[in-house]
$ cat protein.cif   # mmCIF, C-alpha atoms, pLDDT in the B column; chains and numbers go by the auth columns
data_input
loop_
_atom_site.group_PDB
_atom_site.id
_atom_site.type_symbol
_atom_site.label_atom_id
_atom_site.label_comp_id
_atom_site.label_asym_id
_atom_site.label_seq_id
_atom_site.Cartn_x
_atom_site.Cartn_y
_atom_site.Cartn_z
_atom_site.B_iso_or_equiv
_atom_site.auth_seq_id
_atom_site.auth_asym_id
ATOM 1 C CA MET A 1 8.183 -2.906 15.721 68.00 1 A
ATOM 2 C CA LYS A 2 9.644 0.219 14.108 90.00 2 A
ATOM 3 C CA LEU A 3 7.703 0.864 10.903 95.00 3 A
ATOM 4 C CA LYS A 4 7.210 3.738 8.518 96.00 4 A
ATOM 5 C CA LEU A 5 4.972 4.363 5.550 97.00 5 A
ATOM 6 C CA ILE A 6 6.930 5.789 2.622 97.00 6 A
ATOM 7 C CA GLU A 7 6.320 6.676 -0.988 97.00 7 A
ATOM 8 C CA PRO A 8 7.827 4.171 -3.423 97.00 8 A
ATOM 9 C CA THR A 9 11.434 4.873 -4.365 97.00 9 A
ATOM 10 C CA VAL A 10 14.001 3.379 -6.740 97.00 10 A
ATOM 11 C CA ASP A 11 16.331 3.164 -3.734 97.00 11 A
ATOM 12 C CA LEU A 12 14.423 0.108 -2.501 97.00 12 A
ATOM 13 C CA ALA A 13 14.303 -1.778 -5.808 97.00 13 A
ATOM 14 C CA SER A 14 15.858 -4.965 -4.416 97.00 14 A
ATOM 15 C CA ALA A 15 13.560 -4.888 -1.359 97.00 15 A
ATOM 16 C CA TYR A 16 10.551 -4.463 -3.658 97.00 16 A
ATOM 17 C CA LEU A 17 11.588 -7.327 -5.919 96.00 17 A
ATOM 18 C CA GLU A 18 12.108 -9.526 -2.846 96.00 18 A
ATOM 19 C CA MET A 19 8.580 -8.667 -1.671 95.00 19 A
ATOM 20 C CA ARG A 20 7.098 -9.430 -5.115 94.00 20 A
ATOM 21 C CA LYS A 21 8.910 -12.775 -5.234 94.00 21 A
ATOM 22 C CA ASP A 22 7.543 -13.631 -1.772 93.00 22 A
ATOM 23 C CA TRP A 23 3.994 -12.820 -2.926 92.00 23 A
ATOM 24 C CA GLU A 24 4.256 -14.549 -6.301 92.00 24 A
ATOM 25 C CA ALA A 25 5.499 -17.764 -4.623 94.00 25 A
ATOM 26 C CA THR A 26 2.060 -18.150 -3.004 93.00 26 A
ATOM 27 C CA GLY A 27 0.147 -17.941 -6.281 90.00 27 A
ATOM 28 C CA GLU A 28 -2.401 -15.650 -4.650 89.00 28 A
ATOM 29 C CA PRO A 29 -3.565 -12.413 -6.285 87.00 29 A
ATOM 30 C CA LEU A 30 -1.282 -9.427 -5.782 86.00 30 A
ATOM 31 C CA ALA A 31 -3.005 -6.658 -3.818 86.00 31 A
ATOM 32 C CA PRO A 32 -3.318 -3.733 -3.864 91.00 32 A
ATOM 33 C CA PHE A 33 -3.438 -3.273 -7.634 89.00 33 A
ATOM 34 C CA PRO A 34 -0.138 -1.318 -8.125 90.00 34 A
ATOM 35 C CA LEU A 35 1.657 -4.453 -6.948 90.00 35 A
ATOM 36 C CA ARG A 36 0.650 -5.995 -10.284 92.00 36 A
ATOM 37 C CA TYR A 37 2.478 -3.348 -12.358 94.00 37 A
ATOM 38 C CA ASP A 38 5.312 -4.535 -14.574 95.00 38 A
ATOM 39 C CA CYS A 39 8.507 -3.968 -12.624 94.00 39 A
ATOM 40 C CA ASN A 40 11.021 -4.973 -15.303 95.00 40 A
ATOM 41 C CA ASP A 41 11.810 -1.279 -15.833 97.00 41 A
ATOM 42 C CA PHE A 42 11.796 -0.369 -12.150 97.00 42 A
ATOM 43 C CA PRO A 43 12.315 3.413 -12.517 97.00 43 A
ATOM 44 C CA ALA A 44 9.445 3.548 -15.045 97.00 44 A
ATOM 45 C CA MET A 45 7.188 1.670 -12.609 97.00 45 A
ATOM 46 C CA ILE A 46 8.040 4.102 -9.800 97.00 46 A
ATOM 47 C CA ASN A 47 7.377 7.027 -12.147 96.00 47 A
ATOM 48 C CA LYS A 48 3.994 5.549 -13.086 96.00 48 A
ATOM 49 C CA ILE A 49 3.042 5.178 -9.412 96.00 49 A
ATOM 50 C CA ILE A 50 4.101 8.753 -8.647 95.00 50 A
ATOM 51 C CA THR A 51 2.246 10.280 -11.614 94.00 51 A
ATOM 52 C CA GLU A 52 -0.977 8.476 -10.658 95.00 52 A
ATOM 53 C CA LYS A 53 -1.335 10.917 -7.753 94.00 53 A
ATOM 54 C CA THR A 54 -2.115 13.780 -10.132 92.00 54 A
ATOM 55 C CA ALA A 55 -2.981 12.110 -13.454 85.00 55 A
ATOM 56 C CA ASP A 56 -5.535 13.941 -15.551 81.00 56 A
ATOM 57 C CA LYS A 57 -7.156 11.140 -17.536 82.00 57 A
ATOM 58 C CA PRO A 58 -10.808 10.430 -18.320 81.00 58 A
ATOM 59 C CA ASP A 59 -12.429 7.825 -16.055 83.00 59 A
ATOM 60 C CA TRP A 60 -9.364 7.871 -13.783 88.00 60 A
ATOM 61 C CA VAL A 61 -9.230 8.093 -9.997 94.00 61 A
ATOM 62 C CA ASN A 62 -6.062 9.721 -8.708 95.00 62 A
ATOM 63 C CA ASN A 63 -4.373 7.525 -6.118 96.00 63 A
ATOM 64 C CA SER A 64 -1.354 7.440 -3.846 97.00 64 A
ATOM 65 C CA THR A 65 0.705 4.326 -3.176 97.00 65 A
ATOM 66 C CA PHE A 66 2.826 3.689 -0.079 98.00 66 A
ATOM 67 C CA TRP A 67 5.155 0.985 1.184 98.00 67 A
ATOM 68 C CA LEU A 68 5.289 -0.151 4.795 98.00 68 A
ATOM 69 C CA VAL A 69 8.992 -0.500 5.602 98.00 69 A
ATOM 70 C CA ASN A 70 10.606 -1.982 8.721 96.00 70 A
ATOM 71 C CA GLU A 71 13.879 -1.029 10.411 95.00 71 A
ATOM 72 C CA ALA A 72 15.807 -3.413 8.128 95.00 72 A
ATOM 73 C CA ASN A 73 14.423 -1.583 5.054 95.00 73 A
ATOM 74 C CA GLN A 74 12.323 -4.596 4.095 97.00 74 A
ATOM 75 C CA ILE A 75 9.030 -3.785 2.423 97.00 75 A
ATOM 76 C CA VAL A 76 6.467 -5.470 4.649 97.00 76 A
ATOM 77 C CA GLY A 77 3.365 -4.347 2.775 96.00 77 A
ATOM 78 C CA MET A 78 1.793 -1.903 0.414 97.00 78 A
ATOM 79 C CA SER A 79 -1.218 0.396 0.525 97.00 79 A
ATOM 80 C CA ASN A 80 -3.049 2.414 -2.086 97.00 80 A
ATOM 81 C CA ILE A 81 -5.343 5.342 -1.368 98.00 81 A
ATOM 82 C CA ARG A 82 -7.930 6.362 -3.954 97.00 82 A
ATOM 83 C CA HIS A 83 -8.532 10.108 -3.634 97.00 83 A
ATOM 84 C CA THR A 84 -12.198 9.869 -4.686 95.00 84 A
ATOM 85 C CA LEU A 85 -14.784 7.143 -5.108 95.00 85 A
ATOM 86 C CA THR A 86 -16.607 5.928 -8.204 92.00 86 A
ATOM 87 C CA GLU A 87 -19.742 3.793 -8.173 91.00 87 A
ATOM 88 C CA GLY A 88 -17.505 0.745 -8.648 91.00 88 A
ATOM 89 C CA LEU A 89 -15.224 1.675 -5.750 94.00 89 A
ATOM 90 C CA LEU A 90 -18.290 2.114 -3.530 92.00 90 A
ATOM 91 C CA LEU A 91 -18.975 -1.589 -4.093 91.00 91 A
ATOM 92 C CA GLU A 92 -15.426 -2.917 -4.047 91.00 92 A
ATOM 93 C CA GLY A 93 -12.103 -1.275 -3.323 93.00 93 A
ATOM 94 C CA GLY A 94 -13.145 1.791 -1.374 96.00 94 A
ATOM 95 C CA HIS A 95 -10.608 4.493 -0.575 97.00 95 A
ATOM 96 C CA ILE A 96 -7.859 2.275 0.823 98.00 96 A
ATOM 97 C CA GLY A 97 -6.559 -1.054 -0.375 96.00 97 A
ATOM 98 C CA TYR A 98 -3.655 -2.749 1.379 96.00 98 A
ATOM 99 C CA GLY A 99 -1.755 -5.984 1.525 94.00 99 A
ATOM 100 C CA ILE A 100 0.908 -7.530 3.733 95.00 100 A
ATOM 101 C CA ARG A 101 3.452 -9.801 2.118 95.00 101 A
ATOM 102 C CA PRO A 102 2.865 -13.447 3.018 95.00 102 A
ATOM 103 C CA THR A 103 5.934 -14.047 5.228 94.00 103 A
ATOM 104 C CA PHE A 104 5.029 -11.059 7.441 95.00 104 A
ATOM 105 C CA ARG A 105 1.372 -11.811 8.107 93.00 105 A
ATOM 106 C CA ARG A 106 -0.286 -12.378 11.488 92.00 106 A
ATOM 107 C CA ARG A 107 2.045 -9.987 13.299 94.00 107 A
ATOM 108 C CA GLY A 108 -0.086 -6.825 13.438 94.00 108 A
ATOM 109 C CA TYR A 109 1.329 -5.254 10.280 97.00 109 A
ATOM 110 C CA ALA A 110 -2.070 -4.990 8.556 96.00 110 A
ATOM 111 C CA THR A 111 -3.457 -3.002 11.480 97.00 111 A
ATOM 112 C CA LYS A 112 -0.424 -0.704 11.330 97.00 112 A
ATOM 113 C CA ILE A 113 -0.513 -0.161 7.557 98.00 113 A
ATOM 114 C CA LEU A 114 -4.197 0.760 7.689 98.00 114 A
ATOM 115 C CA GLU A 115 -3.588 3.065 10.671 97.00 115 A
ATOM 116 C CA LEU A 116 -0.778 4.880 8.837 98.00 116 A
ATOM 117 C CA SER A 117 -2.754 4.953 5.578 98.00 117 A
ATOM 118 C CA LEU A 118 -5.635 6.644 7.387 98.00 118 A
ATOM 119 C CA ILE A 119 -3.210 9.415 8.399 98.00 119 A
ATOM 120 C CA GLU A 120 -2.211 9.837 4.745 98.00 120 A
ATOM 121 C CA ALA A 121 -5.888 9.849 3.697 98.00 121 A
ATOM 122 C CA LYS A 122 -6.559 12.632 6.198 97.00 122 A
ATOM 123 C CA LYS A 123 -3.706 14.652 4.649 97.00 123 A
ATOM 124 C CA LEU A 124 -5.525 14.254 1.319 96.00 124 A
ATOM 125 C CA GLY A 125 -8.699 15.661 2.887 96.00 125 A
ATOM 126 C CA ILE A 126 -10.510 12.327 3.087 97.00 126 A
ATOM 127 C CA ASN A 127 -12.384 12.546 6.378 96.00 127 A
ATOM 128 C CA LYS A 128 -14.721 9.606 5.879 97.00 128 A
ATOM 129 C CA VAL A 129 -12.879 6.570 4.523 98.00 129 A
ATOM 130 C CA LEU A 130 -14.457 3.543 2.874 98.00 130 A
ATOM 131 C CA VAL A 131 -12.609 0.235 3.280 98.00 131 A
ATOM 132 C CA THR A 132 -13.929 -3.010 1.787 96.00 132 A
ATOM 133 C CA CYS A 133 -13.020 -6.677 2.075 96.00 133 A
ATOM 134 C CA ASP A 134 -14.326 -10.148 1.390 95.00 134 A
ATOM 135 C CA LYS A 135 -16.604 -11.344 4.174 96.00 135 A
ATOM 136 C CA ASP A 136 -14.531 -14.498 4.685 95.00 136 A
ATOM 137 C CA ASN A 137 -11.287 -12.515 5.138 94.00 137 A
ATOM 138 C CA ILE A 138 -11.464 -12.534 8.930 94.00 138 A
ATOM 139 C CA GLY A 139 -8.024 -10.914 9.290 93.00 139 A
ATOM 140 C CA SER A 140 -9.067 -7.900 7.220 95.00 140 A
ATOM 141 C CA VAL A 141 -12.386 -7.610 9.024 96.00 141 A
ATOM 142 C CA LYS A 142 -10.542 -7.491 12.372 97.00 142 A
ATOM 143 C CA THR A 143 -7.992 -5.000 10.998 97.00 143 A
ATOM 144 C CA ILE A 144 -10.689 -2.650 9.731 98.00 144 A
ATOM 145 C CA VAL A 145 -12.699 -2.839 12.966 98.00 145 A
ATOM 146 C CA LYS A 146 -9.537 -2.213 15.058 97.00 146 A
ATOM 147 C CA ASN A 147 -9.050 0.966 13.038 98.00 147 A
ATOM 148 C CA GLY A 148 -12.585 2.208 13.758 98.00 148 A
ATOM 149 C CA GLY A 149 -14.467 0.606 10.875 98.00 149 A
ATOM 150 C CA LYS A 150 -18.258 0.570 11.184 98.00 150 A
ATOM 151 C CA LEU A 151 -20.080 -1.889 8.938 98.00 151 A
ATOM 152 C CA TRP A 152 -22.057 0.012 6.315 97.00 152 A
ATOM 153 C CA LYS A 153 -23.283 -2.813 4.128 96.00 153 A
ATOM 154 C CA GLU A 154 -22.899 -6.393 3.101 96.00 154 A
ATOM 155 C CA HIS A 155 -23.486 -7.474 -0.482 95.00 155 A
ATOM 156 C CA ILE A 156 -22.642 -10.118 -3.055 95.00 156 A
ATOM 157 C CA LEU A 157 -20.400 -9.146 -5.973 92.00 157 A
ATOM 158 C CA LYS A 158 -19.614 -11.706 -8.660 93.00 158 A
ATOM 159 C CA GLY A 159 -20.689 -14.467 -6.272 95.00 159 A
ATOM 160 C CA VAL A 160 -18.467 -13.264 -3.406 94.00 160 A
ATOM 161 C CA ALA A 161 -19.811 -11.853 -0.121 96.00 161 A
ATOM 162 C CA LYS A 162 -18.323 -8.402 0.489 96.00 162 A
ATOM 163 C CA LEU A 163 -18.303 -6.131 3.542 97.00 163 A
ATOM 164 C CA ASN A 164 -18.041 -2.353 3.317 97.00 164 A
ATOM 165 C CA PHE A 165 -16.957 -0.266 6.309 98.00 165 A
ATOM 166 C CA TRP A 166 -16.780 3.480 6.914 98.00 166 A
ATOM 167 C CA ILE A 167 -14.066 4.914 9.148 98.00 167 A
ATOM 168 C CA GLU A 168 -14.485 8.447 10.471 95.00 168 A
ATOM 169 C CA ASN A 169 -11.073 9.984 9.962 87.00 169 A
#
$ encode --input "protein.cif" --output "structure tokens"
Amino acid sequence: MKLKLIEPTVDLASAYLEMRKDWEATGEPLAPFPLRYDCNDFPAMINKIITEKTADKPDWVNNSTFWLVNEANQIVGMSNIRHTLTEGLLLEGGHIGYGIRPTFRRRGYATKILELSLIEAKKLGINKVLVTCDKDNIGSVKTIVKNGGKLWKEHILKGVAKLNFWIEN
């Protein structure tokens, strides 16, 4: 399994659109949130993602988005790293959000994308990383624990049981 975490690029437009189509076919929510951006003007979407790393806007958390790419240049998944935390992100979202496209799940890719995202978080100076998930998302719970996650708290948000984990980075 030869994988790399890269910054989004217009060079992989067709691979991105293929991933989006795969996800949209399931009807499930697209995650992490940059996956929901309008991609009709692909270069503009890439520019938006890139500028979010250093945006200077009120009530904005700078964030970095990455794609997990395999040896065939297929985009297997996506991660997003929030550079700081707000009160809302302490409850849900945390520092790192990630998702693996449906046809690539249950093959260890989630563990790998989180592992590689933790390296990127460290480069950003984030030494203690918060990762959250729904309590009933057993795959994510296992992924977070495999990457060193220690349960910090469990709570209910909008009727959904959530788990919050800290990872020493």
$ closest_residue --input "protein.cif" --among "A:Leu89, A:Ile100, A:Leu124, A:Val69" --to "Leu3 of chain A" --atoms "all atoms listed in the file"
A:Val69
$ residues_around --input "protein.cif" --residues "Ile113 of chain A" --least-positions-apart "6" --cutoff "9 Å" --atoms "all atoms listed in the file" --output "list in words"
Leu3, Lys4, Leu5, Trp67, Leu68, Gly77, Met78, Ser79, Tyr98, Gly99 and Ile100 of chain A
$ atom_distance --input "protein.cif" --atom1 "atom CA of Ile6 of chain A" --atom2 "atom CA of Phe66 of chain A"
5.3 Å
$ resolve_selection --input "protein.cif" --expression "the PyMOL selection byres ((chain A and resi 160-162) around 10)" --output "list in words"
Leu91, Glu92, Thr132, Cys133, Asp134, Lys135, Asp136, Asn137, Lys153, Glu154, His155, Ile156, Leu157, Lys158, Gly159, Leu163 and Asn164 of chain A
$ resolve_selection --input "protein.cif" --expression "the PyMOL selection byres ((chain A and resi 117) around 9)" --output "PyMOL selection string"
chain A and resi 5+66+79-81+96+98+112-116+118-122
$ write_last_selection --input "protein.cif" --atoms "C-alpha atoms" --output "PDB file, keeping the file's coordinate frame"
ATOM      1  CA  LEU A   5       4.972   4.363   5.550  1.00 97.00           C
ATOM      2  CA  PHE A  66       2.826   3.689  -0.079  1.00 98.00           C
ATOM      3  CA  SER A  79      -1.218   0.396   0.525  1.00 97.00           C
ATOM      4  CA  ASN A  80      -3.049   2.414  -2.086  1.00 97.00           C
ATOM      5  CA  ILE A  81      -5.343   5.342  -1.368  1.00 98.00           C
ATOM      6  CA  ILE A  96      -7.859   2.275   0.823  1.00 98.00           C
ATOM      7  CA  TYR A  98      -3.655  -2.749   1.379  1.00 96.00           C
ATOM      8  CA  LYS A 112      -0.424  -0.704  11.330  1.00 97.00           C
ATOM      9  CA  ILE A 113      -0.513  -0.161   7.557  1.00 98.00           C
ATOM     10  CA  LEU A 114      -4.197   0.760   7.689  1.00 98.00           C
ATOM     11  CA  GLU A 115      -3.588   3.065  10.671  1.00 97.00           C
ATOM     12  CA  LEU A 116      -0.778   4.880   8.837  1.00 98.00           C
ATOM     13  CA  LEU A 118      -5.635   6.644   7.387  1.00 98.00           C
ATOM     14  CA  ILE A 119      -3.210   9.415   8.399  1.00 98.00           C
ATOM     15  CA  GLU A 120      -2.211   9.837   4.745  1.00 98.00           C
ATOM     16  CA  ALA A 121      -5.888   9.849   3.697  1.00 98.00           C
ATOM     17  CA  LYS A 122      -6.559  12.632   6.198  1.00 97.00           C
TER      18      LYS A 122
END
$ residues_around --input "protein.cif" --residues "Val131 of chain A" --least-positions-apart "2" --cutoff "7 Å" --atoms "all atoms listed in the file" --output "MDAnalysis selection string"
chainID A and resid 93:96 129 164:166
$ atom_distance --input "protein.cif" --atom1 "atom CA of Ile144 of chain A" --atom2 "atom CA of Leu90 of chain A"
16.0 Å
$ atom_distance --input "protein.cif" --atom1 "atom CA of Thr143 of chain A" --atom2 "atom CA of Tyr109 of chain A"
9.4 Å
$ resolve_selection --input "protein.cif" --expression "the PyMOL selection byres ((chain A and resi 52) around 9)" --output "ChimeraX atom specification"
/A:47-51,53-56,60-65
